[in-house]
Structure formats: structure tokens, C-alpha cells
2 protein chains.
Amino acid sequence: MASVYTVIMAGGSGTRFWPLSRKARPKQFLPLAGDGTTALLTATARRVESLSPLSHTLVVTREDLADATREALPGLPEENLLLEPVGRNTAPCVAWATHTVLRRDPEAVLVVLAADAFIEDEGAFVGALQTAARAASRGSVVTLGIQPTRPETGYGYLHAGEVVLPGDPSVRRVRAFVEKPDGPRAEAFFRGGEHLWNAGIFVYRADVMRAAVGRYLPDLAQAMTEIDSAAREGPAEGARAVGRLYGGLPNVSIDVGVMERLEDVLVVPVSCGWSDVGSWQAAWELAPRDPEGNAVKPSGAPAVLVEARGNMVVAPEGKVVALLGVDDLVVVDTPDALLVMPRARAQELKKIIDALNTRKDRAL
Amino acid sequence: MASVYTVIMAGGSGTRFWPLSRKARPKQFLPLAGDGTTALLTATARRVESLSPLSHTLVVTREDLADATREALPGLPEENLLLEPVGRNTAPCVAWATHTVLRRDPEAVLVVLAADAFIEDEGAFVGALQTAARAASRGSVVTLGIQPTRPETGYGYLHAGEVVLPGDPSVRRVRAFVEKPDGPRAEAFFRGGEHLWNAGIFVYRADVMRAAVGRYLPDLAQAMTEIDSAAREGPAEGARAVGRLYGGLPNVSIDVGVMERLEDVLVVPVSCGWSDVGSWQAAWELAPRDPEGNAVKPSGAPAVLVEARGNMVVAPEGKVVALLGVDDLVVVDTPDALLVMPRARAQELKKIIDALNTRKDRAL
């Protein structure tokens, strides 16, 4: 089988876990899940190591996050670190990574995923990626479809169609990409059993994606050809071309720009305890909790919890956090900023970020 | 009229305003009321300055609080700072201060009060003290009785009797000292109009108190005579005697040990917006608040309050405190400890203190 390369998209903005996450330290660098000490980015790379070692892993991120990324992935070859000179949506990122891999290995299969998700059942996840890679090597673009565990309105969905090989339910056709549904529709999806969460995880042969970008986003393809030519002269020339061209690339997502227009998209359904760790609420759900439902990070921190239930507490090492008679709060303390809000309103954190943005607060 | 000396009792333990107050920085050193920048102790001394300047003000406190006290009252003569070698209840403190003043001025009238109360109407308060001092100079022990503004169960009461001078309601006899009442009794007191809050503010002639201590607490009086003799030899000798004797003095309050046994106690009723600033709830009541009822200290701190009402927020200078969708909380942040609890449960802070005591936490 062809070599598998993994592309980790790691350019988060760092607002959903404020004040722990910051512009300079977005979510992928936080130890938000699992053992509580490993950054999500590090865990993401480790998770797919059996499929593609670090030599075959590319990370696309913002230039200002280069050092943090090197720290999270000390074994990552420098040429596998793709630094976007300006933030763009995912289509330029995917195209750039695809062309970078193509120059090394024209036969490669690529797995594209986000740096900041959590996976409970890593075996099931990697198994699904292997299935997807096999299907992709035959020329299809393949997505992973997460079996819903609740009628979630916060995700897009994949409407799964017929199986590709009779008797083998592991790969199906994608009938449609579905936008985030409202409550009743999400309920119907959940009951119907034909809809899967779109986790933004794609597997494809590099040459297939190159062709698809050429068809649907010809400007992007043209720029990639220019970057290819420059990169063949040397890394410095390649970097200069990226610096010159990247800001002009179409600011479109790979979903909208390419995936939803393709006719031949397959999906591998999987149940693997996936979470996009999208809010403090999600972090609480994933964290180890005491019998009263309190999650305290770092674990073993000197918290004093009296008649307090269901709280998510994060504080600097050694700080005493005392909660008395409060339930279901998020309490996140850092040296220069403190957040207190109900867990149930975690999705509204943006209101705080907006207020901080308005006054250009340095605590962002 | 005789000279008035003020004795400020300033030996608080610093638990009711944890984590802002600490053993080493109890409540009297916190800027909890009024302008938000003046320590309660400093405000207490200033308030009575027209009655007794700092030269006539004595402060009794714990040895380990000497430097903090000097800082709060830079003009206090060193010989007016009485440092208790061990914590005792108020009877030894009052007796010691009384004898110290007697050695300087046998005719003196003393005003004894706590360092850590808040007074809204200082004119009314000082006027009442002047009335009390006049009555005391005739030989009575006089207390201030605060006109209740609610059926409070947290204070002791004074049952006021007949007026002393016909037609002058400003001084009455005390019929009885009444322990903290339960709810229904407090309601009855509040409706009845004959009961006043006992704020622990006493005014008396020094020789009268010396005689009263001699009658009701002869062991204490004996020790004071020994300290007097030593102190007449010199300050070092006096301090040595205090160090030797203080730990053996009866650990009793002046109320129980002397006041409640006296037959001739008068009371001056006063409405002056007195608060003992006994909890974070009281501090919130006294603090300036925004239209949503939030009190933020220091004022002008960079708090972000979104759909948040009635909260008491205290944080270090410059720290961003963000509250979203929480009401009526106490949120107090310090560099090494953070407290979150409902305002309505402020009286239960002791549960946190007990937990910290149990583990001998250094954040106490």
C-alpha cells in the first residue's frame, strides 16, 4: 500500500478556552483531555504514529506558533512544519500540505485532521483511518463519520448512503454534507441513524486532491504550481513564494471549496469517543471528576471544595481554590485573568472575548 | 472636662475576609469600607481624632501585627502601641489599656472600641461619644447602643430603660445585656423599640474601670498592679512584666467579666450607620456598586461583567476578572488563593477556614 502522511491542522485562535488559552497559546497546546498533562497536539500526533510516524507528519500552523509547535512535537522534522504567513481557511492549508507531500511521494495517501480533538478509543479511530486509507488508495476521497451519541446541534453532519462493497458496512457513500441542524432536525438525525458527525477528518490520495483543487479552485491550484516550482529550487525559494502568494489565496474551507462539490466521497462510520473539545463544558465532560462531579486541574491541586458539585476548576500550580456552596460553575484562574461562569453557558464565552477585543485587552 | 483617651482593640484573627485577610493581615488592615483605600484601623483612629488625637490613642494588638499597625497609623506614638505577647480576650486588654492611661492621667475618660467597624454618619457617632464621655465623667460606665435597622440575630443587644435626666432621651439606663437572640426574639426586639445593638463600644472613667476590675476580676487587678510597678521603673521593665504575666490573665471578655455585673451602666442610643463589617456580605453592602449591583475592588479594576448581577469581586490590581451569567457571588482572588461562594452563604466561610486549618495550609 502507498505511504500514509498525516496533515495536522494546528492554527487555532485560542478563544474557546480563555483565559487558559490565549492567542499565543491556543487550545491545541493545552493538556485538556486524557492524562491531563499532554497537549492535544502532541496527543493527536501520537495517536496516528502507527499509521504515519513524525517523519510522515506535517503540521500546518501560524508563524507565531512555530516555537510552541516545536516544543509540543520535538521530533517533528523542520521541513514538516508548514508556517502560514497569514491565517487562511482550510482549503489553502490542505492544498499546500498536499503539494508538499506530492513533491516527496507522488503515490502518497494523506490523512487530514485537526490538532485539537480528543479521541477516547484510539484503536477504533486508527482502525477507521486504515479502512479509509485503503478506500482512498483506490481513488476516492474518504471522510470519517462519527456515530452520534446525542442530538448535537453544534456539528455538521454527513448523510450516509449505500455501502460500497456488498456485505461490508465499513465504507459507505456520502449522500450529502448537511449544515448544523436545528434541535428538531438533530433529533430526527439521531433517531434516524443515517447521519454521522462530520469531524473534518479527510483521507485521500494526494494526486486525487490535486486534481480536485485544480477543477474546483483553479486559482488556488495555479498558486500551488508556482509554489511547487519555487520549492524545487530550494527551501528558501519555496518559503519566499509562500510568503508572496499565501495572502492572496482564496479564503475558503476545504469542505465548501472542494469536498461538497465532489461526486465520489465515501465515509467510514466510527464510534471512538470523539470530541472536538469545543468548550469548557466539553473539557469538563472529558476530565476525571471527584464523586461530587468536580473536575480540578492540575489534578491534586490544593482545592477546597465544600458543598460544591459539578464544577470545572483550573488554576495555576499550587494556588488554593476554595469553592463553597456553588454548583456547575467553570472557574478558570491564570496569573492575569480569572473566569467564572456556569458550565451550561460555556458556549457564550464569546461574549467575554468580544468585550476584551473591544477594549483591546492584553489578556486575550 | 477630663481628657479623653481612645483605646482601639486591633487583634483580629483574619478569617472572615479570607483570602484577602490572613493571619498576618487581618480585617482591620483591609480597605473594606468608605473610599475603598483606607484601612479600617486607620479610618477608626481618624474618626475619633476630634475627641482624642493620636497622642491620646492607644492601640492594643498582637505582637506580630506591630509593623502593620505602625504602617496603618504612622503618627501613633510608640508608647501608645500595646503589644499582647499572647492573644487573650478583651478583659485583660481593657484593663491593661486602662492602667496604662491611669499612669499618665488619673482623671482620664476612656473610649474603647474595635478597630474594624464601619460608621457611615461619623458626626452622629462622635456626637454620641461626646455625650457618653460627659456621662462617664460623672462616674458611670456608658455604652453606645446602635438603633437596629433590621431584626439582626448576629449581635448581642442592650435592653434600654428609663432616661437618666428627665426630658433628655440621649442617655438611658441599661436594664440588661441580652445574648444574640433567635429570629422571633430579634423580630420582637426590632418591633418593640427598647433594644439596641451592643457594638462593644464602652466609655468610662479610668479610675471607675480600675475599681470595677478590682471588684469583679481581682486576679486581673493584681496582675495590673504588678505591671504598674514594673512600668514605673521604665518601659523595658513594664514590657518584661507584661511578657511574664499576660499569658496567665483570665481569658474572659470585658462584657462577661465586668460590664454585665455592673449595676450602673448607661447607654447612649445612636443611629450612625454602624456596621461591624462582619462578612463579605457586609462588605458588599457597604461598597459602591454598579447599576447591576456588582461591587468591584479595587474600583476601576478591569473586570468584564456580562449578564452578572449582585456580585462582590475583589482581585489584585490589574487582574482581569470575567464573570458571565452569575449572580450574587463573592469572588475574591489573591496571588495564592481564590474564593468563590454565594454572598448569601458568606457566614459559612468558616467551613473553608476549618478545612485549611485541618491541613495546616499556608494560605491561611
# chains A, B, ... in the order shown; residues from 1 in each chain; ligands from 1

$ residues_around --residues "Arg215 in chain A" --least-positions-apart "3" --cutoff "12 Å" --atoms "only C-alpha atoms" --output "MDAnalysis selection string"
chainID A and resid 208:212 218:222 257:259 261:262

$ residues_around --residues "Gly161 in chain B" --least-positions-apart "4" --cutoff "8 Å" --atoms "only C-alpha atoms" --output "mmCIF file with N, CA and C atoms, in the first residue's frame"
data_model
loop_
_atom_site.group_PDB
_atom_site.id
_atom_site.type_symbol
_atom_site.label_atom_id
_atom_site.label_comp_id
_atom_site.auth_asym_id
_atom_site.auth_seq_id
_atom_site.Cartn_x
_atom_site.Cartn_y
_atom_site.Cartn_z
ATOM 1 N N ARG B 172 -29.734 56.703 78.653
ATOM 2 C CA ARG B 172 -30.695 55.848 79.368
ATOM 3 C C ARG B 172 -29.937 54.840 80.222
ATOM 4 N N ARG B 173 -30.653 54.295 81.165
ATOM 5 C CA ARG B 173 -30.063 53.196 81.936
ATOM 6 C C ARG B 173 -30.096 51.914 81.086
ATOM 7 N N VAL B 174 -29.125 51.026 81.304
ATOM 8 C CA VAL B 174 -29.171 49.701 80.678
ATOM 9 C C VAL B 174 -29.888 48.773 81.638
ATOM 10 N N ARG B 175 -31.002 48.204 81.173
ATOM 11 C CA ARG B 175 -31.753 47.291 82.014
ATOM 12 C C ARG B 175 -31.091 45.908 82.008
ATOM 13 N N GLU B 194 -37.186 48.897 72.285
ATOM 14 C CA GLU B 194 -36.451 49.109 73.539
ATOM 15 C C GLU B 194 -35.058 48.481 73.505
#

$ closest_atom_pairs --of "chain A" --to "chain B" --cutoff "9 Å" --atoms "only C-alpha atoms" --output "tab-separated table"
residue	atom	partner	partner_atom	distance
A:Val304	CA	B:Ile352	CA	6.8
A:Leu305	CA	B:Ile352	CA	8.1
A:Val306	CA	B:Ile352	CA	7.1
A:Gly318	CA	B:Asp336	CA	7.5
A:Lys319	CA	B:Asp336	CA	4.9
A:Val320	CA	B:Ala337	CA	4.5
A:Val321	CA	B:Leu338	CA	4.8
A:Ala322	CA	B:Leu339	CA	4.8
A:Leu323	CA	B:Val340	CA	5.0
A:Leu324	CA	B:Met341	CA	4.9
A:Gly325	CA	B:Met341	CA	5.9
A:Val326	CA	B:Met341	CA	6.0
A:Leu329	CA	B:Val326	CA	9.0
A:Val331	CA	B:Val340	CA	8.6
A:Asp333	CA	B:Leu338	CA	8.4
A:Pro335	CA	B:Pro335	CA	7.6
A:Asp336	CA	B:Lys319	CA	4.9
A:Ala337	CA	B:Val320	CA	4.5
A:Leu338	CA	B:Val321	CA	4.8
A:Leu339	CA	B:Ala322	CA	4.8
A:Val340	CA	B:Leu323	CA	5.0
A:Met341	CA	B:Leu324	CA	4.9
A:Pro342	CA	B:Gly325	CA	6.7
A:Arg345	CA	B:Gly325	CA	7.5
A:Glu348	CA	B:Leu324	CA	8.1
A:Leu349	CA	B:Leu324	CA	7.6
A:Lys351	CA	B:Val306	CA	7.3
A:Ile352	CA	B:Val304	CA	6.8
A:Ala355	CA	B:Val304	CA	7.2
A:Leu356	CA	B:Val304	CA	7.7
A:Asp361	CA	B:Val320	CA	9.0
A:Ala363	CA	B:Val320	CA	7.3

$ write_last_selection --atoms "C-alpha atoms" --output "tab-separated table (two decimals), in the first residue's frame"
chain	number	residue	atom	x	y	z
A	304	VAL	CA	-11.03	23.22	48.99
A	305	LEU	CA	-14.48	22.19	47.80
A	306	VAL	CA	-17.25	22.48	50.39
A	318	GLY	CA	-0.10	25.50	43.96
A	319	LYS	CA	-2.92	28.03	44.07
A	320	VAL	CA	-5.64	27.34	46.63
A	321	VAL	CA	-9.09	27.47	45.04
A	322	ALA	CA	-11.87	27.44	47.62
A	323	LEU	CA	-15.44	26.85	46.47
A	324	LEU	CA	-18.30	26.90	48.95
A	325	GLY	CA	-21.88	26.15	48.02
A	326	VAL	CA	-21.56	26.62	44.26
A	329	LEU	CA	-19.52	26.52	37.54
A	331	VAL	CA	-13.73	28.63	37.42
A	333	ASP	CA	-7.73	31.14	37.04
A	335	PRO	CA	-1.94	34.82	36.70
A	336	ASP	CA	-3.53	37.72	34.84
A	337	ALA	CA	-7.14	36.69	34.25
A	338	LEU	CA	-9.94	34.83	36.02
A	339	LEU	CA	-13.16	33.45	34.55
A	340	VAL	CA	-16.31	32.44	36.43
A	341	MET	CA	-19.44	31.28	34.59
A	342	PRO	CA	-21.99	28.46	34.67
A	345	ARG	CA	-23.31	28.79	29.40
A	348	GLU	CA	-21.38	32.09	25.44
A	349	LEU	CA	-17.73	32.69	26.35
A	351	LYS	CA	-19.30	37.48	24.83
A	352	ILE	CA	-16.31	37.87	27.14
A	355	ALA	CA	-15.69	42.61	25.31
A	356	LEU	CA	-11.95	42.05	25.65
A	361	ASP	CA	-7.23	43.85	26.33
A	363	ALA	CA	-5.25	39.36	28.45

$ atom_distance --atom1 "CA of Ser170 in chain A" --atom2 "CA of Val268 in chain A"
5.7 Å

$ closest_residue --among "B:Ala97, B:Ala287, B:Leu144, B:Val86" --to "Val171 in chain B" --atoms "only C-alpha atoms"
B:Leu144

$ closest_residue --among "B:Gly193, B:Gly139, B:Pro31, B:Gly11" --to "Val59 in chain B" --atoms "only C-alpha atoms"
B:Gly11

$ select_by_dssp --residues "range 126-300 of chain A" --states "alpha helix (DSSP H)" --output "count of residues only"
71

$ residues_around --residues "range 125-133 of chain B" --least-positions-apart "5" --cutoff "7 Å" --atoms "only C-alpha atoms" --output "list in words"
Val48, Val109, Val142, Val203, Val268, Val270 and Cys272 of chain B

$ write_last_selection --atoms "N, CA and C atoms" --output "short mmCIF file (atom, residue, chain, number, x, y, z; two decimals), in the first residue's frame"
data_model
loop_
_atom_site.label_atom_id
_atom_site.label_comp_id
_atom_site.auth_asym_id
_atom_site.auth_seq_id
_atom_site.Cartn_x
_atom_site.Cartn_y
_atom_site.Cartn_z
N VAL B 48 -12.15 59.37 65.44
CA VAL B 48 -12.25 59.90 66.81
C VAL B 48 -11.20 60.98 67.08
N VAL B 109 -10.87 59.97 80.83
CA VAL B 109 -12.03 59.19 80.39
C VAL B 109 -11.59 58.38 79.18
N VAL B 142 -20.53 53.79 80.43
CA VAL B 142 -21.52 54.13 79.41
C VAL B 142 -21.23 53.32 78.14
N VAL B 203 -17.48 53.59 77.23
CA VAL B 203 -16.85 54.85 77.64
C VAL B 203 -16.90 54.88 79.17
N VAL B 268 -26.04 55.30 75.45
CA VAL B 268 -26.37 56.42 74.57
C VAL B 268 -26.85 55.83 73.24
N VAL B 270 -27.83 55.60 69.41
CA VAL B 270 -27.34 56.38 68.26
C VAL B 270 -27.69 55.67 66.95
N CYS B 272 -26.15 55.71 63.38
CA CYS B 272 -24.98 56.28 62.70
C CYS B 272 -24.51 55.39 61.55
#

$ decode --residues "range 275-344 of chain B" --atoms "C-alpha atoms" --output "compact mmCIF listing (two decimals), in the first residue's frame"
# COMPACT_ATOMS: atom_id res chain seq x y z
CA SER B 275 -21.59 48.01 60.65
CA ASP B 276 -19.21 45.52 62.18
CA VAL B 277 -18.21 44.59 58.60
CA GLY B 278 -18.56 41.02 59.72
CA SER B 279 -18.57 39.18 56.39
CA TRP B 280 -18.16 39.53 52.65
CA GLN B 281 -21.92 40.12 52.56
CA ALA B 282 -21.48 43.19 54.83
CA ALA B 283 -18.55 44.41 52.74
CA TRP B 284 -20.74 44.19 49.63
CA GLU B 285 -23.50 46.15 51.38
CA LEU B 286 -21.03 48.93 52.23
CA ALA B 287 -19.23 49.05 48.88
CA PRO B 288 -20.10 51.29 45.93
CA ARG B 289 -21.97 49.22 43.36
CA ASP B 290 -22.72 49.47 39.66
CA PRO B 291 -26.33 49.62 38.39
CA GLU B 292 -26.40 45.81 38.26
CA GLY B 293 -25.40 45.64 41.91
CA ASN B 294 -21.83 44.47 41.33
CA ALA B 295 -19.14 45.76 43.68
CA VAL B 296 -15.64 45.53 42.22
CA LYS B 297 -12.46 46.21 44.21
CA PRO B 298 -10.16 47.86 43.55
CA SER B 299 -12.61 50.16 41.82
CA GLY B 300 -11.71 50.64 38.20
CA ALA B 301 -10.28 47.13 38.06
CA PRO B 302 -10.52 45.67 34.57
CA ALA B 303 -13.50 43.41 35.29
CA VAL B 304 -15.66 42.11 32.45
CA LEU B 305 -19.17 41.56 33.78
CA VAL B 306 -21.63 40.08 31.28
CA GLU B 307 -25.17 39.35 32.46
CA ALA B 308 -23.83 39.28 36.01
CA ARG B 309 -25.64 40.87 38.94
CA GLY B 310 -25.07 41.48 42.62
CA ASN B 311 -21.55 40.10 42.76
CA MET B 312 -18.77 41.10 45.14
CA VAL B 313 -15.47 40.96 43.25
CA VAL B 314 -12.03 41.55 44.73
CA ALA B 315 -8.86 40.94 42.75
CA PRO B 316 -5.26 42.07 42.62
CA GLU B 317 -4.57 45.34 40.81
CA GLY B 318 -4.64 44.83 37.03
CA LYS B 319 -6.08 41.32 37.03
CA VAL B 320 -8.93 40.75 34.57
CA VAL B 321 -11.91 39.15 36.29
CA ALA B 322 -14.55 37.95 33.81
CA LEU B 323 -17.97 36.95 35.10
CA LEU B 324 -20.61 35.65 32.73
CA GLY B 325 -24.14 34.79 33.80
CA VAL B 326 -23.51 34.54 37.54
CA ASP B 327 -25.43 36.42 40.23
CA ASP B 328 -24.84 37.23 43.89
CA LEU B 329 -21.46 35.57 44.18
CA VAL B 330 -18.44 36.51 46.23
CA VAL B 331 -15.32 36.16 44.06
CA VAL B 332 -12.13 37.08 45.88
CA ASP B 333 -8.81 36.49 44.21
CA THR B 334 -5.33 36.88 45.65
CA PRO B 335 -1.99 35.70 44.29
CA ASP B 336 -2.09 32.40 46.19
CA ALA B 337 -5.78 31.78 46.92
CA LEU B 338 -9.17 32.22 45.28
CA LEU B 339 -12.62 32.07 46.88
CA VAL B 340 -15.96 31.62 45.12
CA MET B 341 -19.21 31.34 47.09
CA PRO B 342 -22.73 32.78 47.13
CA ARG B 343 -22.97 36.06 49.05
CA ALA B 344 -25.87 34.62 50.98
